[in-house]
$ cat upload08.pdb   # PDB, N, CA and C atoms, pLDDT in the B column
ATOM      1  N   MET A   1     -11.689  14.002  -9.629  1.00 76.00           N
ATOM      2  CA  MET A   1     -10.653  14.833  -9.066  1.00 76.00           C
ATOM      3  C   MET A   1     -10.868  16.268  -9.535  1.00 76.00           C
ATOM      4  N   VAL A   2     -10.801  17.189  -8.625  1.00 91.00           N
ATOM      5  CA  VAL A   2     -11.043  18.603  -8.915  1.00 91.00           C
ATOM      6  C   VAL A   2     -10.066  19.130  -9.962  1.00 91.00           C
ATOM      7  N   ALA A   3      -8.808  18.697  -9.906  1.00 89.00           N
ATOM      8  CA  ALA A   3      -7.802  19.188 -10.857  1.00 89.00           C
ATOM      9  C   ALA A   3      -8.224  18.922 -12.300  1.00 89.00           C
ATOM     10  N   ARG A   4      -8.838  17.778 -12.556  1.00 89.00           N
ATOM     11  CA  ARG A   4      -9.276  17.469 -13.928  1.00 89.00           C
ATOM     12  C   ARG A   4     -10.354  18.442 -14.405  1.00 89.00           C
ATOM     13  N   VAL A   5     -11.295  18.754 -13.530  1.00 91.00           N
ATOM     14  CA  VAL A   5     -12.371  19.682 -13.890  1.00 91.00           C
ATOM     15  C   VAL A   5     -11.792  21.063 -14.181  1.00 91.00           C
ATOM     16  N   ILE A   6     -10.864  21.505 -13.359  1.00 93.00           N
ATOM     17  CA  ILE A   6     -10.225  22.809 -13.571  1.00 93.00           C
ATOM     18  C   ILE A   6      -9.451  22.808 -14.886  1.00 93.00           C
ATOM     19  N   GLU A   7      -8.742  21.707 -15.163  1.00 90.00           N
ATOM     20  CA  GLU A   7      -7.995  21.589 -16.422  1.00 90.00           C
ATOM     21  C   GLU A   7      -8.939  21.636 -17.623  1.00 90.00           C
ATOM     22  N   GLN A   8     -10.097  21.000 -17.521  1.00 91.00           N
ATOM     23  CA  GLN A   8     -11.068  21.014 -18.620  1.00 91.00           C
ATOM     24  C   GLN A   8     -11.552  22.425 -18.921  1.00 91.00           C
ATOM     25  N   ALA A   9     -11.492  23.302 -17.929  1.00 95.00           N
ATOM     26  CA  ALA A   9     -11.871  24.700 -18.127  1.00 95.00           C
ATOM     27  C   ALA A   9     -10.724  25.509 -18.727  1.00 95.00           C
ATOM     28  N   GLY A  10      -9.581  24.840 -18.993  1.00 91.00           N
ATOM     29  CA  GLY A  10      -8.454  25.511 -19.624  1.00 91.00           C
ATOM     30  C   GLY A  10      -7.451  26.115 -18.657  1.00 91.00           C
ATOM     31  N   ILE A  11      -7.581  25.780 -17.382  1.00 92.00           N
ATOM     32  CA  ILE A  11      -6.670  26.314 -16.368  1.00 92.00           C
ATOM     33  C   ILE A  11      -5.716  25.197 -15.945  1.00 92.00           C
ATOM     34  N   PRO A  12      -4.412  25.371 -16.161  1.00 91.00           N
ATOM     35  CA  PRO A  12      -3.465  24.322 -15.764  1.00 91.00           C
ATOM     36  C   PRO A  12      -3.384  24.173 -14.244  1.00 91.00           C
ATOM     37  N   THR A  13      -3.206  22.948 -13.789  1.00 93.00           N
ATOM     38  CA  THR A  13      -3.100  22.669 -12.358  1.00 93.00           C
ATOM     39  C   THR A  13      -1.826  21.886 -12.063  1.00 93.00           C
ATOM     40  N   MET A  14      -1.401  21.958 -10.818  1.00 94.00           N
ATOM     41  CA  MET A  14      -0.267  21.164 -10.331  1.00 94.00           C
ATOM     42  C   MET A  14      -0.605  20.742  -8.911  1.00 94.00           C
ATOM     43  N   THR A  15      -0.630  19.447  -8.657  1.00 94.00           N
ATOM     44  CA  THR A  15      -0.872  18.964  -7.305  1.00 94.00           C
ATOM     45  C   THR A  15       0.454  18.565  -6.668  1.00 94.00           C
ATOM     46  N   VAL A  16       0.493  18.605  -5.347  1.00 95.00           N
ATOM     47  CA  VAL A  16       1.667  18.168  -4.596  1.00 95.00           C
ATOM     48  C   VAL A  16       1.247  16.943  -3.797  1.00 95.00           C
ATOM     49  N   THR A  17       2.058  15.904  -3.841  1.00 95.00           N
ATOM     50  CA  THR A  17       1.737  14.689  -3.109  1.00 95.00           C
ATOM     51  C   THR A  17       2.927  14.199  -2.301  1.00 95.00           C
ATOM     52  N   MET A  18       2.616  13.591  -1.183  1.00 95.00           N
ATOM     53  CA  MET A  18       3.634  12.908  -0.393  1.00 95.00           C
ATOM     54  C   MET A  18       3.426  11.401  -0.493  1.00 95.00           C
ATOM     55  N   MET A  19       2.453  10.996  -1.308  1.00 96.00           N
ATOM     56  CA  MET A  19       2.141   9.579  -1.507  1.00 96.00           C
ATOM     57  C   MET A  19       2.179   9.277  -3.004  1.00 96.00           C
ATOM     58  N   LYS A  20       3.353   8.916  -3.487  1.00 95.00           N
ATOM     59  CA  LYS A  20       3.536   8.691  -4.917  1.00 95.00           C
ATOM     60  C   LYS A  20       2.630   7.578  -5.440  1.00 95.00           C
ATOM     61  N   ASP A  21       2.453   6.508  -4.660  1.00 96.00           N
ATOM     62  CA  ASP A  21       1.627   5.399  -5.123  1.00 96.00           C
ATOM     63  C   ASP A  21       0.181   5.829  -5.354  1.00 96.00           C
ATOM     64  N   VAL A  22      -0.317   6.728  -4.530  1.00 94.00           N
ATOM     65  CA  VAL A  22      -1.681   7.230  -4.715  1.00 94.00           C
ATOM     66  C   VAL A  22      -1.753   8.089  -5.974  1.00 94.00           C
ATOM     67  N   ALA A  23      -0.763   8.951  -6.179  1.00 93.00           N
ATOM     68  CA  ALA A  23      -0.742   9.790  -7.384  1.00 93.00           C
ATOM     69  C   ALA A  23      -0.659   8.929  -8.640  1.00 93.00           C
ATOM     70  N   LEU A  24       0.106   7.840  -8.593  1.00 94.00           N
ATOM     71  CA  LEU A  24       0.194   6.941  -9.749  1.00 94.00           C
ATOM     72  C   LEU A  24      -1.156   6.299 -10.042  1.00 94.00           C
ATOM     73  N   ALA A  25      -1.919   5.999  -9.002  1.00 93.00           N
ATOM     74  CA  ALA A  25      -3.230   5.383  -9.184  1.00 93.00           C
ATOM     75  C   ALA A  25      -4.277   6.390  -9.645  1.00 93.00           C
ATOM     76  N   VAL A  26      -4.248   7.593  -9.080  1.00 92.00           N
ATOM     77  CA  VAL A  26      -5.257   8.615  -9.380  1.00 92.00           C
ATOM     78  C   VAL A  26      -4.964   9.328 -10.697  1.00 92.00           C
ATOM     79  N   LYS A  27      -3.694   9.473 -11.026  1.00 90.00           N
ATOM     80  CA  LYS A  27      -3.240  10.132 -12.250  1.00 90.00           C
ATOM     81  C   LYS A  27      -3.769  11.564 -12.401  1.00 90.00           C
ATOM     82  N   PRO A  28      -3.386  12.455 -11.491  1.00 92.00           N
ATOM     83  CA  PRO A  28      -3.771  13.859 -11.687  1.00 92.00           C
ATOM     84  C   PRO A  28      -3.093  14.400 -12.943  1.00 92.00           C
ATOM     85  N   PRO A  29      -3.628  15.463 -13.543  1.00 92.00           N
ATOM     86  CA  PRO A  29      -3.032  15.995 -14.778  1.00 92.00           C
ATOM     87  C   PRO A  29      -1.536  16.283 -14.644  1.00 92.00           C
ATOM     88  N   ARG A  30      -1.133  16.913 -13.580  1.00 94.00           N
ATOM     89  CA  ARG A  30       0.283  17.193 -13.290  1.00 94.00           C
ATOM     90  C   ARG A  30       0.457  17.072 -11.786  1.00 94.00           C
ATOM     91  N   SER A  31       1.544  16.450 -11.372  1.00 95.00           N
ATOM     92  CA  SER A  31       1.764  16.282  -9.943  1.00 95.00           C
ATOM     93  C   SER A  31       3.247  16.356  -9.624  1.00 95.00           C
ATOM     94  N   MET A  32       3.532  16.746  -8.399  1.00 97.00           N
ATOM     95  CA  MET A  32       4.903  16.800  -7.923  1.00 97.00           C
ATOM     96  C   MET A  32       4.982  15.992  -6.633  1.00 97.00           C
ATOM     97  N   TYR A  33       5.896  15.018  -6.612  1.00 97.00           N
ATOM     98  CA  TYR A  33       6.091  14.165  -5.445  1.00 97.00           C
ATOM     99  C   TYR A  33       7.244  14.688  -4.610  1.00 97.00           C
ATOM    100  N   LEU A  34       6.974  14.904  -3.337  1.00 96.00           N
ATOM    101  CA  LEU A  34       7.999  15.353  -2.395  1.00 96.00           C
ATOM    102  C   LEU A  34       8.041  14.399  -1.212  1.00 96.00           C
ATOM    103  N   LYS A  35       9.228  14.070  -0.752  1.00 94.00           N
ATOM    104  CA  LYS A  35       9.385  13.221   0.433  1.00 94.00           C
ATOM    105  C   LYS A  35       9.386  14.111   1.675  1.00 94.00           C
ATOM    106  N   PHE A  36       8.296  14.838   1.838  1.00 95.00           N
ATOM    107  CA  PHE A  36       8.109  15.726   2.979  1.00 95.00           C
ATOM    108  C   PHE A  36       7.071  15.089   3.900  1.00 95.00           C
ATOM    109  N   PRO A  37       7.063  15.447   5.176  1.00 94.00           N
ATOM    110  CA  PRO A  37       6.058  14.893   6.083  1.00 94.00           C
ATOM    111  C   PRO A  37       4.667  15.471   5.794  1.00 94.00           C
ATOM    112  N   PHE A  38       3.660  14.679   6.134  1.00 94.00           N
ATOM    113  CA  PHE A  38       2.286  15.151   5.971  1.00 94.00           C
ATOM    114  C   PHE A  38       2.083  16.429   6.770  1.00 94.00           C
ATOM    115  N   GLY A  39       1.338  17.349   6.216  1.00 92.00           N
ATOM    116  CA  GLY A  39       1.073  18.615   6.883  1.00 92.00           C
ATOM    117  C   GLY A  39       2.061  19.707   6.533  1.00 92.00           C
ATOM    118  N   SER A  40       3.129  19.348   5.824  1.00 93.00           N
ATOM    119  CA  SER A  40       4.142  20.342   5.439  1.00 93.00           C
ATOM    120  C   SER A  40       4.516  20.196   3.967  1.00 93.00           C
ATOM    121  N   PRO A  41       3.539  20.262   3.065  1.00 93.00           N
ATOM    122  CA  PRO A  41       3.851  20.032   1.653  1.00 93.00           C
ATOM    123  C   PRO A  41       4.748  21.094   1.028  1.00 93.00           C
ATOM    124  N   MET A  42       4.858  22.236   1.666  1.00 94.00           N
ATOM    125  CA  MET A  42       5.696  23.307   1.116  1.00 94.00           C
ATOM    126  C   MET A  42       7.004  23.474   1.884  1.00 94.00           C
ATOM    127  N   GLY A  43       7.235  22.637   2.897  1.00 93.00           N
ATOM    128  CA  GLY A  43       8.438  22.758   3.712  1.00 93.00           C
ATOM    129  C   GLY A  43       8.098  23.204   5.122  1.00 93.00           C
ATOM    130  N   ARG A  44       9.134  23.418   5.894  1.00 93.00           N
ATOM    131  CA  ARG A  44       8.954  23.818   7.297  1.00 93.00           C
ATOM    132  C   ARG A  44       8.311  25.206   7.403  1.00 93.00           C
ATOM    133  N   PRO A  45       7.485  25.414   8.424  1.00 93.00           N
ATOM    134  CA  PRO A  45       6.942  26.751   8.656  1.00 93.00           C
ATOM    135  C   PRO A  45       8.085  27.757   8.825  1.00 93.00           C
ATOM    136  N   GLY A  46       7.990  28.863   8.147  1.00 94.00           N
ATOM    137  CA  GLY A  46       8.999  29.911   8.251  1.00 94.00           C
ATOM    138  C   GLY A  46      10.218  29.721   7.367  1.00 94.00           C
ATOM    139  N   ASP A  47      10.319  28.582   6.672  1.00 94.00           N
ATOM    140  CA  ASP A  47      11.469  28.319   5.797  1.00 94.00           C
ATOM    141  C   ASP A  47      11.172  28.890   4.407  1.00 94.00           C
ATOM    142  N   VAL A  48      11.318  30.189   4.290  1.00 96.00           N
ATOM    143  CA  VAL A  48      10.950  30.894   3.060  1.00 96.00           C
ATOM    144  C   VAL A  48      11.756  30.401   1.865  1.00 96.00           C
ATOM    145  N   GLN A  49      13.040  30.109   2.059  1.00 95.00           N
ATOM    146  CA  GLN A  49      13.866  29.633   0.940  1.00 95.00           C
ATOM    147  C   GLN A  49      13.349  28.309   0.395  1.00 95.00           C
ATOM    148  N   LYS A  50      13.027  27.367   1.279  1.00 95.00           N
ATOM    149  CA  LYS A  50      12.525  26.063   0.828  1.00 95.00           C
ATOM    150  C   LYS A  50      11.148  26.211   0.195  1.00 95.00           C
ATOM    151  N   GLN A  51      10.280  27.022   0.802  1.00 96.00           N
ATOM    152  CA  GLN A  51       8.942  27.227   0.264  1.00 96.00           C
ATOM    153  C   GLN A  51       9.012  27.856  -1.123  1.00 96.00           C
ATOM    154  N   THR A  52       9.936  28.785  -1.307  1.00 97.00           N
ATOM    155  CA  THR A  52      10.127  29.410  -2.616  1.00 97.00           C
ATOM    156  C   THR A  52      10.631  28.389  -3.626  1.00 97.00           C
ATOM    157  N   ALA A  53      11.542  27.520  -3.211  1.00 96.00           N
ATOM    158  CA  ALA A  53      12.067  26.481  -4.103  1.00 96.00           C
ATOM    159  C   ALA A  53      10.962  25.511  -4.521  1.00 96.00           C
ATOM    160  N   VAL A  54      10.089  25.140  -3.582  1.00 96.00           N
ATOM    161  CA  VAL A  54       8.972  24.248  -3.900  1.00 96.00           C
ATOM    162  C   VAL A  54       8.034  24.931  -4.893  1.00 96.00           C
ATOM    163  N   LEU A  55       7.700  26.178  -4.636  1.00 96.00           N
ATOM    164  CA  LEU A  55       6.813  26.917  -5.532  1.00 96.00           C
ATOM    165  C   LEU A  55       7.420  27.051  -6.926  1.00 96.00           C
ATOM    166  N   LYS A  56       8.711  27.349  -7.010  1.00 97.00           N
ATOM    167  CA  LYS A  56       9.373  27.450  -8.314  1.00 97.00           C
ATOM    168  C   LYS A  56       9.345  26.110  -9.041  1.00 97.00           C
ATOM    169  N   ALA A  57       9.567  25.013  -8.320  1.00 96.00           N
ATOM    170  CA  ALA A  57       9.508  23.685  -8.939  1.00 96.00           C
ATOM    171  C   ALA A  57       8.107  23.396  -9.468  1.00 96.00           C
ATOM    172  N   MET A  58       7.091  23.813  -8.715  1.00 96.00           N
ATOM    173  CA  MET A  58       5.712  23.627  -9.173  1.00 96.00           C
ATOM    174  C   MET A  58       5.449  24.427 -10.443  1.00 96.00           C
ATOM    175  N   LEU A  59       5.873  25.673 -10.466  1.00 96.00           N
ATOM    176  CA  LEU A  59       5.661  26.512 -11.648  1.00 96.00           C
ATOM    177  C   LEU A  59       6.435  25.975 -12.848  1.00 96.00           C
ATOM    178  N   ASP A  60       7.656  25.490 -12.623  1.00 95.00           N
ATOM    179  CA  ASP A  60       8.419  24.862 -13.706  1.00 95.00           C
ATOM    180  C   ASP A  60       7.672  23.648 -14.249  1.00 95.00           C
ATOM    181  N   GLY A  61       7.065  22.881 -13.344  1.00 94.00           N
ATOM    182  CA  GLY A  61       6.310  21.703 -13.755  1.00 94.00           C
ATOM    183  C   GLY A  61       5.135  22.033 -14.650  1.00 94.00           C
ATOM    184  N   LEU A  62       4.515  23.182 -14.426  1.00 92.00           N
ATOM    185  CA  LEU A  62       3.413  23.596 -15.301  1.00 92.00           C
ATOM    186  C   LEU A  62       3.887  23.756 -16.741  1.00 92.00           C
ATOM    187  N   ILE A  63       5.152  24.112 -16.905  1.00 92.00           N
ATOM    188  CA  ILE A  63       5.716  24.315 -18.242  1.00 92.00           C
ATOM    189  C   ILE A  63       6.294  23.021 -18.804  1.00 92.00           C
ATOM    190  N   THR A  64       6.995  22.253 -17.962  1.00 93.00           N
ATOM    191  CA  THR A  64       7.741  21.102 -18.472  1.00 93.00           C
ATOM    192  C   THR A  64       6.932  19.819 -18.589  1.00 93.00           C
ATOM    193  N   ILE A  65       5.903  19.648 -17.779  1.00 92.00           N
ATOM    194  CA  ILE A  65       5.114  18.418 -17.859  1.00 92.00           C
ATOM    195  C   ILE A  65       4.158  18.529 -19.035  1.00 92.00           C
ATOM    196  N   ASP A  66       4.384  17.679 -20.026  1.00 86.00           N
ATOM    197  CA  ASP A  66       3.535  17.719 -21.218  1.00 86.00           C
ATOM    198  C   ASP A  66       2.748  16.428 -21.404  1.00 86.00           C
ATOM    199  N   THR A  67       2.920  15.482 -20.495  1.00 85.00           N
ATOM    200  CA  THR A  67       2.207  14.214 -20.563  1.00 85.00           C
ATOM    201  C   THR A  67       1.268  14.111 -19.369  1.00 85.00           C
ATOM    202  N   PRO A  68      -0.049  13.989 -19.605  1.00 84.00           N
ATOM    203  CA  PRO A  68      -0.979  13.873 -18.483  1.00 84.00           C
ATOM    204  C   PRO A  68      -0.607  12.701 -17.578  1.00 84.00           C
ATOM    205  N   GLY A  69      -0.654  12.938 -16.288  1.00 88.00           N
ATOM    206  CA  GLY A  69      -0.340  11.904 -15.317  1.00 88.00           C
ATOM    207  C   GLY A  69       1.123  11.836 -14.917  1.00 88.00           C
ATOM    208  N   MET A  70       1.964  12.647 -15.561  1.00 92.00           N
ATOM    209  CA  MET A  70       3.390  12.638 -15.230  1.00 92.00           C
ATOM    210  C   MET A  70       3.610  13.194 -13.823  1.00 92.00           C
ATOM    211  N   ILE A  71       4.564  12.608 -13.112  1.00 95.00           N
ATOM    212  CA  ILE A  71       4.865  13.042 -11.748  1.00 95.00           C
ATOM    213  C   ILE A  71       6.281  13.598 -11.710  1.00 95.00           C
ATOM    214  N   LEU A  72       6.387  14.852 -11.356  1.00 95.00           N
ATOM    215  CA  LEU A  72       7.674  15.527 -11.217  1.00 95.00           C
ATOM    216  C   LEU A  72       8.277  15.147  -9.862  1.00 95.00           C
ATOM    217  N   GLU A  73       9.576  14.848  -9.852  1.00 95.00           N
ATOM    218  CA  GLU A  73      10.262  14.520  -8.599  1.00 95.00           C
ATOM    219  C   GLU A  73      11.498  15.396  -8.457  1.00 95.00           C
ATOM    220  N   PRO A  74      11.311  16.636  -8.002  1.00 95.00           N
ATOM    221  CA  PRO A  74      12.466  17.527  -7.851  1.00 95.00           C
ATOM    222  C   PRO A  74      13.389  17.046  -6.733  1.00 95.00           C
ATOM    223  N   SER A  75      14.633  17.434  -6.813  1.00 93.00           N
ATOM    224  CA  SER A  75      15.609  17.007  -5.798  1.00 93.00           C
ATOM    225  C   SER A  75      15.597  17.971  -4.610  1.00 93.00           C
ATOM    226  N   LEU A  76      14.443  18.095  -3.997  1.00 94.00           N
ATOM    227  CA  LEU A  76      14.281  18.936  -2.810  1.00 94.00           C
ATOM    228  C   LEU A  76      14.173  18.032  -1.591  1.00 94.00           C
ATOM    229  N   SER A  77      14.842  18.399  -0.519  1.00 92.00           N
ATOM    230  CA  SER A  77      14.721  17.621   0.710  1.00 92.00           C
ATOM    231  C   SER A  77      14.127  18.505   1.800  1.00 92.00           C
ATOM    232  N   TYR A  78      13.403  17.871   2.701  1.00 93.00           N
ATOM    233  CA  TYR A  78      12.778  18.600   3.800  1.00 93.00           C
ATOM    234  C   TYR A  78      13.836  19.135   4.749  1.00 93.00           C
ATOM    235  N   GLY A  79      14.881  18.350   4.954  1.00 80.00           N
ATOM    236  CA  GLY A  79      15.971  18.764   5.836  1.00 80.00           C
ATOM    237  C   GLY A  79      15.675  18.470   7.290  1.00 80.00           C
ATOM    238  N   GLY A  80      16.698  18.167   8.045  1.00 63.00           N
ATOM    239  CA  GLY A  80      16.526  17.890   9.470  1.00 63.00           C
ATOM    240  C   GLY A  80      15.739  16.627   9.712  1.00 63.00           C
ATOM    241  N   ASP A  81      15.050  16.574  10.829  1.00 53.00           N
ATOM    242  CA  ASP A  81      14.223  15.414  11.167  1.00 53.00           C
ATOM    243  C   ASP A  81      12.861  15.571  10.535  1.00 53.00           C
ATOM    244  N   ALA A  82      12.585  14.756   9.540  1.00 52.00           N
ATOM    245  CA  ALA A  82      11.298  14.839   8.835  1.00 52.00           C
ATOM    246  C   ALA A  82      10.258  13.991   9.514  1.00 52.00           C
TER
END
$ encode --input "upload08.pdb" --output "structure tokens"
Amino acid sequence: MVARVIEQAGIPTMTVTMMKDVALAVKPPRSMYLKFPFGSPMGRPGDVQKQTAVLKAMLDGLITIDTPGMILEPSLSYGGDA
């Protein structure tokens, strides 16, 4: 996994997944699980507020996740018909 190689170089990473079971199996260094549809990991196109919230949750995860393989599950919803 590319994230592991980047982490070994001393650069923290955060992956976003819509498939929690895959993230549990692969165990990326840090990951965030969102119940968003495929193709929209940051939210709806043009939804700046949601995209900003996702980005902030990712940045918070870089600070709060201290156990390799931990999966962050923020209380963010895609909204509308997902």
$ atom_distance --input "upload08.pdb" --atom1 "CA of Gly39 in chain A" --atom2 "CA of Gln8 in chain A"
28.3 Å
$ closest_residue --input "upload08.pdb" --among "A:Pro45, A:Pro68, A:Gly79, A:Pro74" --to "Arg30 in chain A" --atoms "all atoms listed in the file"
A:Pro68
$ select_by_dssp --input "upload08.pdb" --residues "chain A" --states "alpha helix (DSSP H)" --output "PyMOL selection string"
chain A and resi 2-8+20-26+48-64
$ resolve_selection --input "upload08.pdb" --expression "the PyMOL selection byres (((chain A and resi 70 and name CA) around 12) and name CA)" --output "JSON, numbers by chain"
{"A": [14, 15, 20, 23, 24, 25, 26, 27, 28, 29, 30, 31, 32, 33, 61, 62, 64, 65, 66, 67, 68, 69, 71, 72, 73]}
$ axis_aligned_box --input "upload08.pdb" --around "range 13-31 of chain A" --padding-each-side "3 Å" --output "lines of an AutoDock Vina configuration file"
center_x = -0.8
center_y = 14.2
center_z = -7.6
size_x = 14.9
size_y = 23.6
size_z = 20.4
$ atom_distance --input "upload08.pdb" --atom1 "CA of Phe36 in chain A" --atom2 "CA of Tyr78 in chain A"
5.5 Å
$ closest_residue --input "upload08.pdb" --among "A:Leu34, A:Pro12, A:Leu76, A:Thr17" --to "Leu59 in chain A" --atoms "only C-alpha atoms"
A:Pro12
$ resolve_selection --input "upload08.pdb" --expression "the PyMOL selection byres ((chain A and resi 41) around 8)" --output "list in words"
Val16, Thr17, Met18, Leu34, Phe36, Pro37, Phe38, Gly39, Ser40, Met42, Gly43, Arg44, Gln51 and Val54 of chain A
$ atom_distance --input "upload08.pdb" --atom1 "atom N of Met19 in chain A" --atom2 "atom N of Leu55 in chain A"
16.4 Å
$ select_by_dssp --input "upload08.pdb" --residues "range 19-78 of chain A" --states "strand (DSSP E)" --output "list in words"
Arg30, Ser31, Met32, Tyr33, Met70, Ile71 and Leu72 of chain A
